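J.: One structure coming up, written as structure tokens, with questions to follow.
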Amino acid sequence: MRIYFDHNATTPLDQSVVEVITTVLTEDFGNASSVHHFGQRAKARLDEARSGVAELIGAEPSEIVCTSGGTEADNFALRGVAEALEPTGRRHLIASAIEHEAVLVTLKALARRGWRTTLLPVGQSGIVDPAALAGALADDTALVSVMHANNELGTIQPVADLARLAHARGALFHTDAVQSVAKVPVDVGALGVDLLSLSAHKFNGPKGAGALWIKRGTRITAILTGGKHERTRRAGTENVPAIAGMGAAARLAAGKLKREGERLAALRDRLERGVLERVPGTAVNGALEPRVPNTTNISFEGIEAESLLIALDLEGVAVSTGSACSSGTLEPSHVLRAMGFPAHRTQNSIRISLGQGNTDE
Ligand SMILES: Cc1ncc(COP(=O)(O)O)c(C=O)c1O
């Protein structure tokens with residue numbers, strides 16, 4: 001028996017999503033820009049998917065730009081806003097220290113091109129303090145990017161409060177919601193953000209499909225240029241099967257969001273309690289609330305996380321040490337490091353992330 005506890009890395013496709021993708025691959029193969037029947041069928045698939053994604057986050061379909069995933073959406077948000085606002089003299093960017101590499105490495109690239117950047121610290125709660133953002137904002141801040149839920153801890157950031165602070169200083173606000181969309185209710189209006197990234201393979205959709213939601217009127221420059229796809233915001237013939245799969249997965253998630261959230265929270269809490277009670281020297285990393293319902297991150301005193309991961313894998317249980325990008329190396333998690341944990345704790349922690357296929361058994 002194999003148990004998959006790594007849903008924050010990626011999720012299996014739902015069977016109904018496989019069927020949509022297969023149908024589109026085989027029957028609706030047209031280019032969505034073509035005027036003829038085949039093109040129009042592909043375009044209808046795109047429209048349907050776009051509205052499915054929009055509904056899941058309380059947005060307008062016209063504000064959804066389909067991308068190749070979360071990484072591209074994050075790159076588009078940061079690079080696109082930076083380029084659009086450059087002429088205004090706003091040359092400062094802010095992000096939290098616990099962002100995904102898609103944001104952190106992009107920020108570093110922009111820093112090399114002359115942008116001033118600030119990383120907001122987090123304490124051992126794994127939650128950004130709005131006071132830290134208030135202190136970091138400057139008159140020339142162009143964009144603040146703080147993720148909605150952290151991929152390693154599951155902690156949910158006070159995005160609405162942070163966005164209000166950014167707007168009060170005239171800065172735009174982006175949130176990487178790759179780990180919160182389809183796990184907790186996400187409403188772009190309630191969050192009050194300008195840009196939001198999501199990725200289909202985190203919610204039983206296909207890899208290589210995601211979206212950047214761009215609030216109407218937000219100043220942003222396309223980073224992929226060419227044809228007039230996606231209202232000239234992202235050139236390139238659309239990956240219609242994957243996008244249709246994302247739309248189907250979004251509708252599926254919307255239909256069971258509350259029920260599945262409660263189910264996963266109960267499973268996660270039972271698992272967490274069971275480990276803490278039975279294994280001496282264990283502790284949960286980060287605040288217990290607010291957190292997405294499927295994630296826990298636990299440190300095991302005196303055990304190297306990589307060894308534990310391999311031992312669990314031999315027993316048929318798949319977990320991870322922090323983000324997938326750093327597994328395979330012994331790099332301590334940048335998230336746990338930013339939280340101020342000592343080296344041994346950053347190297348003895350594993351992430352367990354539950355999903356659709358997990359049961360009480
Ligand atoms: C918070 C966060 N942002 C961005 C990404 C990147 O998304 P994608 O794998 O679709 O490029 C991930 C995936 O691990 C993530 O967890």
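If you're wondering about the labels, chains in the structure tokens are A, B, ... by order shown, residues count from 1 in each chain, ligands from 1 in order shown.
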Would you mind listing the residues within 6 Å of ligand 1, counting only C-alpha atoms and all ligand atoms, as an MDAnalysis selection string?
T.: chainID A and resid 9 69:71 100 102 150:151 176 178:179 199
J.: Could you give me, as number ranges by chain, each residue of segment 122-322 of chain A that DSSP assigns to strand (DSSP E or B) when run on this structure's backbone?
T.: A: 122, 128, 141-145, 149, 155-156, 172-176, 181, 184, 195-199, 210-214, 282-284, 291, 295-300, 317-318, 320
J.: Skipping near chain neighbours, those fewer than 6 positions away, what residues fall within 12 Å of Glu262 of chain A using only C-alpha atoms, listed as a list of chain:residue names?
T.: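 Neighbouring residues, sequence-local ones excluded: A:Lys183, A:Val184, A:Lys256, A:Arg268, A:Asp269, A:Val292, A:Pro293, A:Asn294, A:Gly355.
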J.: Restricting the calculation to only C-alpha atoms: of A:Ala200, A:Asn31, A:Gly80, A:Arg90, which residue gets closest to Thr225 of chain A?
T.: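 Ranking A:Ala200, A:Asn31, A:Gly80, A:Arg90 by distance to Thr225 of chain A, first place goes to A:Gly80.
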J.: Of the candidates A:Ala109, A:Leu195, A:Ala209, A:Val186, which shows the shortest atom-to-atom distance to Leu257 of chain A, using only C-alpha atoms?
T.: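 Comparing A:Ala109, A:Leu195, A:Ala209, A:Val186 against Leu257 of chain A, the winner is A:Val186.
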J.: Name the closest residue to Thr218 of chain A among the candidates A:Arg234, A:Lys202, A:Arg41, A:His174; distances are taken between atoms, counting only C-alpha atoms.
T.: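 Of A:Arg234, A:Lys202, A:Arg41, A:His174, the one nearest Thr218 of chain A, counting only C-alpha atoms, is A:His174.
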